[in-house]
Amino acid sequence: MRGVNLPPLREVIARHGLSASKALGQNFLFDEQLLDRIAAVPGPLAGEHVYEVGPGPGGLTRALLRAGARVLAVERDRRCLPALAELSDAFPGQLRVIEGDALKIDPHEEIGAPFHIASNLPYNVGTALAVGWLAGEKWPPEWKSLTLMFQREVADRIVAAPGTDAYGRLAILAQWRATAKIAMPVHRSAFTPPPKVMSAVVHITPVAAPRDVRMTTLEKLTAAAFGQRRKMLRQSLKGVPGALDALEATGIAPDRRPETVDIAEWCLLARQLC
Ligand code: SAM
């Protein structure tokens, strides 16, 4: 598929009149080498299903198709559909495009087999989508990996380690049953138009969930604790039934602050409350 001859992305944009919409979080990537590097993050994709949110003019999509993936792409902006149809013709049988809102689509229903998720996410809905994929009841989930572009500050919160300012609910959600790493930083100048902030691609892969820990309990504890992150646990967890007893039972000192509690310790606490 590497031999498929495609017009440059700038030409595609110009020909289809795809001026970037701020409301739709449109910051396009044109550098095909960078796009191929992003498409390589999940590992070999030949024959693999990939779900892409927001293909836009199809920059990342073409890189995924070149890697041999079978792509389901969901795009909200109908102006992009003719450009994506051209891509579909260039890679017969590999690309299906749905016009719609990714917040309302269940990719598993559409694909019906395990899949990777890869996206240069629209920043306005990116965190909500990622939280939805990470917070699912079923584990391991239907997705095999997430390769997602975020604003650098959000990426740092996802991969944060205990004891850092960035460590909080998002880090715990992303890491209590998955590994999360920054795959590559991406300079703002790589995008058209360039956003105000830097970005990074995050790679997340599921691992076995700690036994007897419920997502809802973990979420309740971390919401209470990080909602008042300057306070000691004995104060911030007062309103969570059983939490103070759980601190005692697990030996986690009640005068600690939430950012000092590592993910294994949060899981111990949540297990006590289940
Ligand atoms: N993938 C392209 C690239 O890398 O150049 C475009 C990425 S751009 C950051 C985000 C894309 O998501 C835009 O094409 C935008 O129209 C689309 N989008 C925004 N909100 C969406 C939503 N709720 N559901 C699906 N697509 C959405």
# chains A, B, ... in the order shown; residues from 1 in each chain; ligands from 1

$ select_by_dssp --residues "segment 20-228 of chain A" --states "helix (DSSP H, G or I)" --output "PyMOL selection string"
chain A and resi 32-40+59-66+78-90+102-104+107-111+123-134+152-159+169-175+188-190+215-227

$ select_by_dssp --residues "segment 42-130 of chain A" --states "strand (DSSP E or B)" --output "list in words"
His49, Val50, Tyr51, Glu52, Val53, Arg70, Val71, Leu72, Ala73, Val74, Glu75, Leu95, Arg96, Val97, Ile98, Glu99, Phe115, His116, Ile117, Ala118, Ser119 and Asn120 of chain A

$ write_last_selection --atoms "N, CA, C and O atoms" --output "compact mmCIF listing (two decimals), in the first residue's frame"
# COMPACT_ATOMS: atom_id res chain seq x y z
N HIS A 49 -7.95 -3.69 13.02
CA HIS A 49 -8.99 -2.66 12.98
C HIS A 49 -8.52 -1.43 13.77
O HIS A 49 -7.96 -1.57 14.86
N VAL A 50 -8.78 -0.27 13.21
CA VAL A 50 -8.45 0.98 13.92
C VAL A 50 -9.66 1.90 13.87
O VAL A 50 -10.30 2.06 12.82
N TYR A 51 -9.97 2.48 15.02
CA TYR A 51 -11.04 3.48 15.11
C TYR A 51 -10.39 4.85 15.19
O TYR A 51 -9.55 5.09 16.07
N GLU A 52 -10.74 5.73 14.27
CA GLU A 52 -10.17 7.08 14.28
C GLU A 52 -11.28 8.11 14.47
O GLU A 52 -12.26 8.12 13.71
N VAL A 53 -11.10 8.98 15.45
CA VAL A 53 -12.04 10.09 15.65
C VAL A 53 -11.48 11.31 14.93
O VAL A 53 -10.31 11.65 15.10
N ARG A 70 -7.41 -1.52 8.82
CA ARG A 70 -8.79 -1.34 8.36
C ARG A 70 -9.39 -0.29 9.29
O ARG A 70 -9.50 -0.51 10.50
N VAL A 71 -9.74 0.84 8.72
CA VAL A 71 -10.07 2.01 9.55
C VAL A 71 -11.57 2.32 9.52
O VAL A 71 -12.18 2.35 8.45
N LEU A 72 -12.11 2.54 10.72
CA LEU A 72 -13.44 3.14 10.83
C LEU A 72 -13.21 4.56 11.35
O LEU A 72 -12.62 4.75 12.42
N ALA A 73 -13.64 5.55 10.57
CA ALA A 73 -13.38 6.94 10.95
C ALA A 73 -14.71 7.67 11.14
O ALA A 73 -15.63 7.52 10.33
N VAL A 74 -14.79 8.44 12.24
CA VAL A 74 -16.00 9.21 12.51
C VAL A 74 -15.69 10.69 12.45
O VAL A 74 -14.82 11.18 13.18
N GLU A 75 -16.36 11.39 11.55
CA GLU A 75 -16.08 12.81 11.34
C GLU A 75 -17.38 13.60 11.42
O GLU A 75 -18.39 13.23 10.84
N LEU A 95 -11.32 1.48 4.28
CA LEU A 95 -11.79 2.65 5.05
C LEU A 95 -13.31 2.78 4.99
O LEU A 95 -13.91 2.76 3.92
N ARG A 96 -13.91 2.89 6.20
CA ARG A 96 -15.33 3.22 6.29
C ARG A 96 -15.44 4.52 7.08
O ARG A 96 -14.81 4.67 8.14
N VAL A 97 -16.24 5.45 6.58
CA VAL A 97 -16.38 6.75 7.24
C VAL A 97 -17.83 6.90 7.69
O VAL A 97 -18.75 6.62 6.93
N ILE A 98 -18.00 7.33 8.92
CA ILE A 98 -19.34 7.64 9.43
C ILE A 98 -19.37 9.14 9.70
O ILE A 98 -18.47 9.68 10.36
N GLU A 99 -20.39 9.79 9.20
CA GLU A 99 -20.56 11.21 9.54
C GLU A 99 -21.33 11.25 10.85
O GLU A 99 -22.43 10.70 10.95
N PHE A 115 -10.08 -3.64 18.50
CA PHE A 115 -9.57 -2.58 17.63
C PHE A 115 -8.63 -1.67 18.41
O PHE A 115 -8.66 -1.63 19.64
N HIS A 116 -7.77 -0.97 17.68
CA HIS A 116 -6.96 0.10 18.26
C HIS A 116 -7.71 1.41 18.06
O HIS A 116 -8.50 1.54 17.13
N ILE A 117 -7.42 2.38 18.91
CA ILE A 117 -7.97 3.72 18.70
C ILE A 117 -6.78 4.65 18.44
O ILE A 117 -5.78 4.63 19.19
N ALA A 118 -6.86 5.40 17.37
CA ALA A 118 -5.80 6.36 17.04
C ALA A 118 -6.46 7.64 16.57
O ALA A 118 -7.34 7.62 15.71
N SER A 119 -6.04 8.77 17.16
CA SER A 119 -6.70 10.02 16.78
C SER A 119 -5.86 11.24 17.15
O SER A 119 -5.24 11.29 18.21
N ASN A 120 -5.88 12.19 16.24
CA ASN A 120 -5.45 13.54 16.55
C ASN A 120 -6.73 14.22 17.04
O ASN A 120 -7.50 14.74 16.24

$ closest_atom_pairs --of "chain A" --to "ligand 1" --cutoff "6 Å" --atoms "only C-alpha atoms and all ligand atoms" --output "JSON lines"
{"residue": "A:Leu24", "atom": "CA", "partner": "ligand 1", "partner_atom_place_in_ligand_line": "19 (C)", "distance": 4.3}
{"residue": "A:Gly25", "atom": "CA", "partner": "ligand 1", "partner_atom_place_in_ligand_line": "10 (C)", "distance": 5.4}
{"residue": "A:Gln26", "atom": "CA", "partner": "ligand 1", "partner_atom_place_in_ligand_line": "8 (S)", "distance": 4.0}
{"residue": "A:Asn27", "atom": "CA", "partner": "ligand 1", "partner_atom_place_in_ligand_line": "9 (C)", "distance": 4.4}
{"residue": "A:Phe28", "atom": "CA", "partner": "ligand 1", "partner_atom_place_in_ligand_line": "5 (O)", "distance": 3.3}
{"residue": "A:Leu29", "atom": "CA", "partner": "ligand 1", "partner_atom_place_in_ligand_line": "5 (O)", "distance": 3.9}
{"residue": "A:Val53", "atom": "CA", "partner": "ligand 1", "partner_atom_place_in_ligand_line": "25 (C)", "distance": 5.4}
{"residue": "A:Gly54", "atom": "CA", "partner": "ligand 1", "partner_atom_place_in_ligand_line": "12 (O)", "distance": 3.2}
{"residue": "A:Pro55", "atom": "CA", "partner": "ligand 1", "partner_atom_place_in_ligand_line": "1 (N)", "distance": 3.8}
{"residue": "A:Gly56", "atom": "CA", "partner": "ligand 1", "partner_atom_place_in_ligand_line": "14 (O)", "distance": 3.2}
{"residue": "A:Gly58", "atom": "CA", "partner": "ligand 1", "partner_atom_place_in_ligand_line": "2 (C)", "distance": 5.8}
{"residue": "A:Gly59", "atom": "CA", "partner": "ligand 1", "partner_atom_place_in_ligand_line": "5 (O)", "distance": 5.0}
{"residue": "A:Leu60", "atom": "CA", "partner": "ligand 1", "partner_atom_place_in_ligand_line": "4 (O)", "distance": 5.2}
{"residue": "A:Val74", "atom": "CA", "partner": "ligand 1", "partner_atom_place_in_ligand_line": "25 (C)", "distance": 5.2}
{"residue": "A:Glu75", "atom": "CA", "partner": "ligand 1", "partner_atom_place_in_ligand_line": "26 (N)", "distance": 3.9}
{"residue": "A:Arg76", "atom": "CA", "partner": "ligand 1", "partner_atom_place_in_ligand_line": "26 (N)", "distance": 4.2}
{"residue": "A:Asp77", "atom": "CA", "partner": "ligand 1", "partner_atom_place_in_ligand_line": "16 (O)", "distance": 4.7}
{"residue": "A:Gly100", "atom": "CA", "partner": "ligand 1", "partner_atom_place_in_ligand_line": "25 (C)", "distance": 5.9}
{"residue": "A:Asp101", "atom": "CA", "partner": "ligand 1", "partner_atom_place_in_ligand_line": "24 (N)", "distance": 3.7}
{"residue": "A:Ala102", "atom": "CA", "partner": "ligand 1", "partner_atom_place_in_ligand_line": "24 (N)", "distance": 3.8}
{"residue": "A:Leu103", "atom": "CA", "partner": "ligand 1", "partner_atom_place_in_ligand_line": "23 (N)", "distance": 5.6}
{"residue": "A:Asn120", "atom": "CA", "partner": "ligand 1", "partner_atom_place_in_ligand_line": "4 (O)", "distance": 4.8}
{"residue": "A:Leu121", "atom": "CA", "partner": "ligand 1", "partner_atom_place_in_ligand_line": "9 (C)", "distance": 5.1}
{"residue": "A:Pro122", "atom": "CA", "partner": "ligand 1", "partner_atom_place_in_ligand_line": "10 (C)", "distance": 3.9}

$ write_last_selection --atoms "N, CA and C atoms" --output "PDB file, in the first residue's frame"
ATOM      1  N   LEU A  24     -14.832  23.305  15.793  1.00  0.00           N
ATOM      2  CA  LEU A  24     -14.698  21.844  15.682  1.00  0.00           C
ATOM      3  C   LEU A  24     -13.297  21.372  16.089  1.00  0.00           C
ATOM      4  N   GLY A  25     -12.503  22.282  16.656  1.00  0.00           N
ATOM      5  CA  GLY A  25     -11.161  21.906  17.132  1.00  0.00           C
ATOM      6  C   GLY A  25     -10.258  21.471  15.991  1.00  0.00           C
ATOM      7  N   GLN A  26     -10.387  22.127  14.842  1.00  0.00           N
ATOM      8  CA  GLN A  26      -9.621  21.675  13.678  1.00  0.00           C
ATOM      9  C   GLN A  26      -8.229  22.294  13.619  1.00  0.00           C
ATOM     10  N   ASN A  27      -7.228  21.467  13.906  1.00  0.00           N
ATOM     11  CA  ASN A  27      -5.816  21.824  13.714  1.00  0.00           C
ATOM     12  C   ASN A  27      -5.231  20.641  12.951  1.00  0.00           C
ATOM     13  N   PHE A  28      -4.966  20.861  11.681  1.00  0.00           N
ATOM     14  CA  PHE A  28      -4.601  19.746  10.810  1.00  0.00           C
ATOM     15  C   PHE A  28      -3.101  19.480  10.817  1.00  0.00           C
ATOM     16  N   LEU A  29      -2.758  18.217  10.566  1.00  0.00           N
ATOM     17  CA  LEU A  29      -1.355  17.807  10.423  1.00  0.00           C
ATOM     18  C   LEU A  29      -1.095  17.491   8.953  1.00  0.00           C
ATOM     19  N   VAL A  53     -11.102   8.976  15.447  1.00  0.00           N
ATOM     20  CA  VAL A  53     -12.040  10.088  15.648  1.00  0.00           C
ATOM     21  C   VAL A  53     -11.480  11.307  14.929  1.00  0.00           C
ATOM     22  N   GLY A  54     -12.318  11.945  14.136  1.00  0.00           N
ATOM     23  CA  GLY A  54     -11.939  13.211  13.508  1.00  0.00           C
ATOM     24  C   GLY A  54     -10.859  13.090  12.457  1.00  0.00           C
ATOM     25  N   PRO A  55     -11.112  12.344  11.375  1.00  0.00           N
ATOM     26  CA  PRO A  55     -10.096  12.228  10.318  1.00  0.00           C
ATOM     27  C   PRO A  55      -9.843  13.537   9.587  1.00  0.00           C
ATOM     28  N   GLY A  56     -10.817  14.464   9.609  1.00  0.00           N
ATOM     29  CA  GLY A  56     -10.643  15.726   8.882  1.00  0.00           C
ATOM     30  C   GLY A  56     -10.332  15.445   7.424  1.00  0.00           C
ATOM     31  N   GLY A  58      -7.936  13.769   6.358  1.00  0.00           N
ATOM     32  CA  GLY A  58      -7.447  12.401   6.221  1.00  0.00           C
ATOM     33  C   GLY A  58      -5.954  12.206   6.354  1.00  0.00           C
ATOM     34  N   GLY A  59      -5.242  13.119   7.017  1.00  0.00           N
ATOM     35  CA  GLY A  59      -3.792  12.990   7.159  1.00  0.00           C
ATOM     36  C   GLY A  59      -3.394  11.737   7.935  1.00  0.00           C
ATOM     37  N   LEU A  60      -3.907  11.615   9.153  1.00  0.00           N
ATOM     38  CA  LEU A  60      -3.572  10.425   9.950  1.00  0.00           C
ATOM     39  C   LEU A  60      -4.216   9.185   9.317  1.00  0.00           C
ATOM     40  N   VAL A  74     -14.786   8.442  12.237  1.00  0.00           N
ATOM     41  CA  VAL A  74     -16.000   9.208  12.512  1.00  0.00           C
ATOM     42  C   VAL A  74     -15.692  10.686  12.447  1.00  0.00           C
ATOM     43  N   GLU A  75     -16.358  11.385  11.553  1.00  0.00           N
ATOM     44  CA  GLU A  75     -16.077  12.808  11.342  1.00  0.00           C
ATOM     45  C   GLU A  75     -17.384  13.599  11.420  1.00  0.00           C
ATOM     46  N   ARG A  76     -17.310  14.696  12.167  1.00  0.00           N
ATOM     47  CA  ARG A  76     -18.495  15.508  12.372  1.00  0.00           C
ATOM     48  C   ARG A  76     -18.710  16.528  11.250  1.00  0.00           C
ATOM     49  N   ASP A  77     -17.599  16.895  10.608  1.00  0.00           N
ATOM     50  CA  ASP A  77     -17.660  17.959   9.604  1.00  0.00           C
ATOM     51  C   ASP A  77     -17.904  17.361   8.218  1.00  0.00           C
ATOM     52  N   GLY A 100     -20.748  11.863  11.885  1.00  0.00           N
ATOM     53  CA  GLY A 100     -21.449  11.910  13.166  1.00  0.00           C
ATOM     54  C   GLY A 100     -20.563  12.417  14.281  1.00  0.00           C
ATOM     55  N   ASP A 101     -21.141  12.372  15.484  1.00  0.00           N
ATOM     56  CA  ASP A 101     -20.480  12.862  16.685  1.00  0.00           C
ATOM     57  C   ASP A 101     -19.903  11.661  17.444  1.00  0.00           C
ATOM     58  N   ALA A 102     -18.581  11.654  17.591  1.00  0.00           N
ATOM     59  CA  ALA A 102     -17.921  10.520  18.251  1.00  0.00           C
ATOM     60  C   ALA A 102     -18.407  10.327  19.687  1.00  0.00           C
ATOM     61  N   LEU A 103     -18.926  11.384  20.300  1.00  0.00           N
ATOM     62  CA  LEU A 103     -19.421  11.248  21.676  1.00  0.00           C
ATOM     63  C   LEU A 103     -20.666  10.354  21.721  1.00  0.00           C
ATOM     64  N   ASN A 120      -5.885  12.188  16.236  1.00  0.00           N
ATOM     65  CA  ASN A 120      -5.451  13.545  16.546  1.00  0.00           C
ATOM     66  C   ASN A 120      -6.728  14.217  17.036  1.00  0.00           C
ATOM     67  N   LEU A 121      -6.962  14.116  18.332  1.00  0.00           N
ATOM     68  CA  LEU A 121      -8.288  14.447  18.874  1.00  0.00           C
ATOM     69  C   LEU A 121      -8.635  15.921  18.767  1.00  0.00           C
ATOM     70  N   PRO A 122      -9.918  16.195  18.517  1.00  0.00           N
ATOM     71  CA  PRO A 122     -10.359  17.584  18.670  1.00  0.00           C
ATOM     72  C   PRO A 122     -10.276  17.934  20.147  1.00  0.00           C
TER      73      PRO A 122
END

$ residues_around --residues "Pro254 of chain A" --least-positions-apart "4" --cutoff "8 Å" --atoms "only C-alpha atoms" --output "PDB file with C-alpha atoms, in the first residue's frame"
ATOM      1  CA  MET A 232      -5.109  15.956  54.433  1.00  0.00           C
ATOM      2  CA  LEU A 233      -6.947  12.713  53.665  1.00  0.00           C
ATOM      3  CA  ARG A 234      -8.621  12.656  57.076  1.00  0.00           C
ATOM      4  CA  LEU A 244     -11.549   6.828  57.370  1.00  0.00           C
ATOM      5  CA  LEU A 247      -7.295   4.451  55.921  1.00  0.00           C
ATOM      6  CA  GLU A 248      -6.738   2.820  59.284  1.00  0.00           C
TER       7      GLU A 248
END

$ residues_around --residues "Asp262 of chain A" --least-positions-apart "2" --cutoff "10 Å" --atoms "only C-alpha atoms" --output "PyMOL selection string"
chain A and resi 161-163+167+172+176+258-260+264-267

$ write_last_selection --atoms "N, CA, C and O atoms" --output "PDB file, in the first residue's frame"
ATOM      1  N   ALA A 161       3.269  10.970  37.604  1.00  0.00           N
ATOM      2  CA  ALA A 161       3.650  10.087  38.715  1.00  0.00           C
ATOM      3  C   ALA A 161       3.241  10.750  40.025  1.00  0.00           C
ATOM      4  O   ALA A 161       3.122  11.986  40.094  1.00  0.00           O
ATOM      5  N   PRO A 162       3.031   9.937  41.085  1.00  0.00           N
ATOM      6  CA  PRO A 162       2.704  10.499  42.395  1.00  0.00           C
ATOM      7  C   PRO A 162       3.744  11.528  42.829  1.00  0.00           C
ATOM      8  O   PRO A 162       4.915  11.440  42.446  1.00  0.00           O
ATOM      9  N   GLY A 163       3.294  12.485  43.604  1.00  0.00           N
ATOM     10  CA  GLY A 163       4.220  13.482  44.150  1.00  0.00           C
ATOM     11  C   GLY A 163       4.433  14.661  43.217  1.00  0.00           C
ATOM     12  O   GLY A 163       5.185  15.575  43.546  1.00  0.00           O
ATOM     13  N   TYR A 167      -0.183  15.095  38.989  1.00  0.00           N
ATOM     14  CA  TYR A 167      -0.803  13.827  39.425  1.00  0.00           C
ATOM     15  C   TYR A 167      -2.172  14.084  40.027  1.00  0.00           C
ATOM     16  O   TYR A 167      -2.332  14.939  40.893  1.00  0.00           O
ATOM     17  N   ILE A 172      -4.696   8.581  37.688  1.00  0.00           N
ATOM     18  CA  ILE A 172      -5.139   7.351  38.339  1.00  0.00           C
ATOM     19  C   ILE A 172      -6.074   6.584  37.405  1.00  0.00           C
ATOM     20  O   ILE A 172      -5.934   5.369  37.207  1.00  0.00           O
ATOM     21  N   TRP A 176      -4.458   2.912  36.536  1.00  0.00           N
ATOM     22  CA  TRP A 176      -4.711   1.866  37.545  1.00  0.00           C
ATOM     23  C   TRP A 176      -4.875   0.492  36.897  1.00  0.00           C
ATOM     24  O   TRP A 176      -4.668  -0.529  37.535  1.00  0.00           O
ATOM     25  N   PRO A 258      -3.373  13.899  49.035  1.00  0.00           N
ATOM     26  CA  PRO A 258      -3.699  12.896  48.007  1.00  0.00           C
ATOM     27  C   PRO A 258      -2.596  12.663  46.980  1.00  0.00           C
ATOM     28  O   PRO A 258      -2.456  11.547  46.481  1.00  0.00           O
ATOM     29  N   GLU A 259      -1.807  13.713  46.662  1.00  0.00           N
ATOM     30  CA  GLU A 259      -0.812  13.506  45.600  1.00  0.00           C
ATOM     31  C   GLU A 259       0.349  12.619  46.048  1.00  0.00           C
ATOM     32  O   GLU A 259       1.146  12.177  45.225  1.00  0.00           O
ATOM     33  N   THR A 260       0.425  12.311  47.382  1.00  0.00           N
ATOM     34  CA  THR A 260       1.498  11.424  47.855  1.00  0.00           C
ATOM     35  C   THR A 260       1.058   9.954  47.839  1.00  0.00           C
ATOM     36  O   THR A 260       1.878   9.067  48.094  1.00  0.00           O
ATOM     37  N   ALA A 264      -1.255   2.074  43.636  1.00  0.00           N
ATOM     38  CA  ALA A 264      -1.483   0.813  44.351  1.00  0.00           C
ATOM     39  C   ALA A 264      -2.188   1.100  45.685  1.00  0.00           C
ATOM     40  O   ALA A 264      -3.080   0.355  46.102  1.00  0.00           O
ATOM     41  N   GLU A 265      -1.815   2.202  46.337  1.00  0.00           N
ATOM     42  CA  GLU A 265      -2.453   2.545  47.619  1.00  0.00           C
ATOM     43  C   GLU A 265      -3.912   2.977  47.419  1.00  0.00           C
ATOM     44  O   GLU A 265      -4.788   2.612  48.206  1.00  0.00           O
ATOM     45  N   TRP A 266      -4.182   3.730  46.335  1.00  0.00           N
ATOM     46  CA  TRP A 266      -5.585   4.082  46.059  1.00  0.00           C
ATOM     47  C   TRP A 266      -6.408   2.821  45.831  1.00  0.00           C
ATOM     48  O   TRP A 266      -7.564   2.727  46.275  1.00  0.00           O
ATOM     49  N   CYS A 267      -5.805   1.839  45.164  1.00  0.00           N
ATOM     50  CA  CYS A 267      -6.530   0.583  44.901  1.00  0.00           C
ATOM     51  C   CYS A 267      -6.772  -0.179  46.208  1.00  0.00           C
ATOM     52  O   CYS A 267      -7.845  -0.758  46.404  1.00  0.00           O
TER      53      CYS A 267
END

$ residues_around --residues "Thr127 of chain A" --least-positions-apart "2" --cutoff "10 Å" --atoms "only C-alpha atoms" --output "list in words"
Leu121, Pro122, Tyr123, Asn124, Val125, Leu129, Ala130, Val131, Gly132, Trp133, Phe150, Gln151, Val154, Ala155, Ile158 and Leu170 of chain A

$ write_last_selection --atoms "all heavy atoms" --output "CSV table (one decimal), in the first residue's frame"
chain,number,residue,atom,x,y,z
A,121,LEU,N,-7.0,14.1,18.3
A,121,LEU,CA,-8.3,14.4,18.9
A,121,LEU,C,-8.6,15.9,18.8
A,121,LEU,O,-7.8,16.8,18.9
A,121,LEU,CB,-8.3,14.1,20.4
A,121,LEU,CG,-8.4,12.6,20.7
A,121,LEU,CD1,-8.3,12.4,22.2
A,121,LEU,CD2,-9.8,12.0,20.3
A,122,PRO,N,-9.9,16.2,18.5
A,122,PRO,CA,-10.4,17.6,18.7
A,122,PRO,C,-10.3,17.9,20.1
A,122,PRO,O,-10.8,17.2,21.0
A,122,PRO,CB,-11.8,17.5,18.2
A,122,PRO,CG,-12.2,16.1,18.3
A,122,PRO,CD,-11.0,15.3,18.2
A,123,TYR,N,-9.5,19.0,20.5
A,123,TYR,CA,-9.2,19.3,21.9
A,123,TYR,C,-10.5,19.5,22.7
A,123,TYR,O,-10.5,19.3,23.9
A,123,TYR,CB,-8.3,20.5,22.0
A,123,TYR,CG,-6.9,20.1,21.6
A,123,TYR,CD1,-6.1,21.0,20.9
A,123,TYR,CD2,-6.4,18.8,21.8
A,123,TYR,CE1,-4.8,20.7,20.5
A,123,TYR,CE2,-5.1,18.5,21.4
A,123,TYR,CZ,-4.3,19.4,20.7
A,123,TYR,OH,-3.1,19.0,20.3
A,124,ASN,N,-11.6,20.0,22.1
A,124,ASN,CA,-12.7,20.4,22.9
A,124,ASN,C,-13.5,19.1,23.4
A,124,ASN,O,-14.2,19.2,24.4
A,124,ASN,CB,-13.7,21.3,22.1
A,124,ASN,CG,-13.8,20.8,20.6
A,124,ASN,OD1,-13.2,19.9,20.2
A,124,ASN,ND2,-14.7,21.5,19.9
A,125,VAL,N,-13.3,18.0,22.8
A,125,VAL,CA,-14.0,16.8,23.3
A,125,VAL,C,-13.0,15.6,23.6
A,125,VAL,O,-13.4,14.5,24.0
A,125,VAL,CB,-15.1,16.2,22.3
A,125,VAL,CG1,-16.2,17.2,22.2
A,125,VAL,CG2,-14.5,16.0,20.9
A,129,LEU,N,-13.8,12.0,25.6
A,129,LEU,CA,-13.7,10.8,24.9
A,129,LEU,C,-12.7,9.8,25.6
A,129,LEU,O,-13.1,8.6,25.8
A,129,LEU,CB,-13.3,11.0,23.4
A,129,LEU,CG,-14.3,11.5,22.5
A,129,LEU,CD1,-13.7,12.0,21.2
A,129,LEU,CD2,-15.4,10.5,22.2
A,130,ALA,N,-11.6,10.3,25.9
A,130,ALA,CA,-10.6,9.4,26.5
A,130,ALA,C,-11.1,8.9,27.9
A,130,ALA,O,-10.9,7.7,28.2
A,130,ALA,CB,-9.3,10.2,26.7
A,131,VAL,N,-11.7,9.8,28.7
A,131,VAL,CA,-12.3,9.3,30.0
A,131,VAL,C,-13.3,8.2,29.7
A,131,VAL,O,-13.3,7.2,30.4
A,131,VAL,CB,-12.8,10.5,30.7
A,131,VAL,CG1,-13.7,10.1,31.9
A,131,VAL,CG2,-11.7,11.4,31.2
A,132,GLY,N,-14.1,8.4,28.7
A,132,GLY,CA,-15.2,7.4,28.4
A,132,GLY,C,-14.5,6.0,28.1
A,132,GLY,O,-14.9,5.0,28.5
A,133,TRP,N,-13.4,6.1,27.3
A,133,TRP,CA,-12.8,4.8,26.9
A,133,TRP,C,-12.1,4.2,28.1
A,133,TRP,O,-12.0,3.0,28.2
A,133,TRP,CB,-11.7,5.1,25.8
A,133,TRP,CG,-12.4,5.5,24.5
A,133,TRP,CD1,-13.6,5.1,24.0
A,133,TRP,CD2,-11.9,6.5,23.5
A,133,TRP,NE1,-13.9,5.7,22.8
A,133,TRP,CE2,-12.8,6.6,22.5
A,133,TRP,CE3,-10.7,7.2,23.5
A,133,TRP,CZ2,-12.6,7.4,21.4
A,133,TRP,CZ3,-10.5,8.0,22.4
A,133,TRP,CH2,-11.5,8.1,21.4
A,150,PHE,N,-2.9,14.9,22.6
A,150,PHE,CA,-3.5,15.8,23.6
A,150,PHE,C,-2.7,17.1,23.6
A,150,PHE,O,-1.5,17.1,23.3
A,150,PHE,CB,-3.5,15.2,25.0
A,150,PHE,CG,-4.5,14.1,25.2
A,150,PHE,CD1,-4.0,12.8,25.1
A,150,PHE,CD2,-5.8,14.3,25.4
A,150,PHE,CE1,-4.9,11.7,25.3
A,150,PHE,CE2,-6.7,13.3,25.6
A,150,PHE,CZ,-6.2,12.0,25.5
A,151,GLN,N,-3.3,18.1,24.2
A,151,GLN,CA,-2.5,19.3,24.6
A,151,GLN,C,-1.4,18.7,25.6
A,151,GLN,O,-1.8,17.9,26.4
A,151,GLN,CB,-3.3,20.3,25.4
A,151,GLN,CG,-4.5,20.8,24.6
A,151,GLN,CD,-5.3,21.8,25.5
A,151,GLN,OE1,-4.8,22.6,26.1
A,151,GLN,NE2,-6.6,21.6,25.5
A,154,VAL,N,-2.5,18.2,29.2
A,154,VAL,CA,-3.4,17.1,29.5
A,154,VAL,C,-2.6,15.8,29.4
A,154,VAL,O,-2.7,14.9,30.3
A,154,VAL,CB,-4.5,17.1,28.5
A,154,VAL,CG1,-5.4,15.9,28.7
A,154,VAL,CG2,-5.4,18.4,28.6
A,155,ALA,N,-1.7,15.7,28.4
A,155,ALA,CA,-0.8,14.5,28.3
A,155,ALA,C,0.0,14.3,29.6
A,155,ALA,O,0.1,13.2,30.1
A,155,ALA,CB,0.1,14.7,27.1
A,158,ILE,N,-2.1,12.8,32.3
A,158,ILE,CA,-2.4,11.4,32.1
A,158,ILE,C,-1.3,10.5,32.5
A,158,ILE,O,-1.5,9.4,33.1
A,158,ILE,CB,-2.7,11.2,30.6
A,158,ILE,CG1,-4.1,11.8,30.2
A,158,ILE,CG2,-2.8,9.7,30.2
A,158,ILE,CD1,-4.4,11.8,28.7
A,170,LEU,N,-7.0,12.1,36.7
A,170,LEU,CA,-6.8,11.6,35.3
A,170,LEU,C,-5.6,10.5,35.3
A,170,LEU,O,-5.7,9.5,34.6
A,170,LEU,CB,-6.4,12.8,34.4
A,170,LEU,CG,-6.7,12.6,32.9
A,170,LEU,CD1,-8.0,12.0,32.6
A,170,LEU,CD2,-6.5,14.0,32.2

$ residues_around --residues "Leu218 of chain A" --least-positions-apart "2" --cutoff "9 Å" --atoms "only C-alpha atoms" --output "list of chain:residue names"
A:Ile172, A:Leu173, A:Val213, A:Arg214, A:Met215, A:Thr216, A:Lys220, A:Leu221, A:Thr222, A:Ala223, A:Trp266, A:Cys267, A:Leu269, A:Ala270, A:Arg271

$ atom_distance --atom1 "atom CA of Ser199 of chain A" --atom2 "atom CA of Gln94 of chain A"
28.6 Å

$ residues_around --residues "Thr205 of chain A" --least-positions-apart "2" --cutoff "6 Å" --atoms "only C-alpha atoms" --output "short mmCIF file (atom, residue, chain, number, x, y, z; two decimals) with N, CA and C atoms, in the first residue's frame"
data_model
loop_
_atom_site.label_atom_id
_atom_site.label_comp_id
_atom_site.auth_asym_id
_atom_site.auth_seq_id
_atom_site.Cartn_x
_atom_site.Cartn_y
_atom_site.Cartn_z
N SER A 145 -5.41 -0.64 22.20
CA SER A 145 -4.50 0.44 22.58
C SER A 145 -5.13 1.77 22.20
N ALA A 178 -3.84 0.20 33.25
CA ALA A 178 -3.25 0.40 31.93
C ALA A 178 -1.88 1.06 32.12
N THR A 179 -1.03 0.95 31.11
CA THR A 179 0.20 1.73 31.14
C THR A 179 0.00 2.93 30.22
#

$ atom_distance --atom1 "atom CA of Ala135 of chain A" --atom2 "atom CA of Cys274 of chain A"
17.1 Å

$ closest_residue --among "A:Arg157, A:Arg152, A:Val202, A:Leu81" --to "Gly17 of chain A" --atoms "only C-alpha atoms"
A:Leu81

$ closest_residue --among "A:Leu45, A:Met184, A:Leu237, A:Ala190" --to "Phe30 of chain A" --atoms "only C-alpha atoms"
A:Ala190
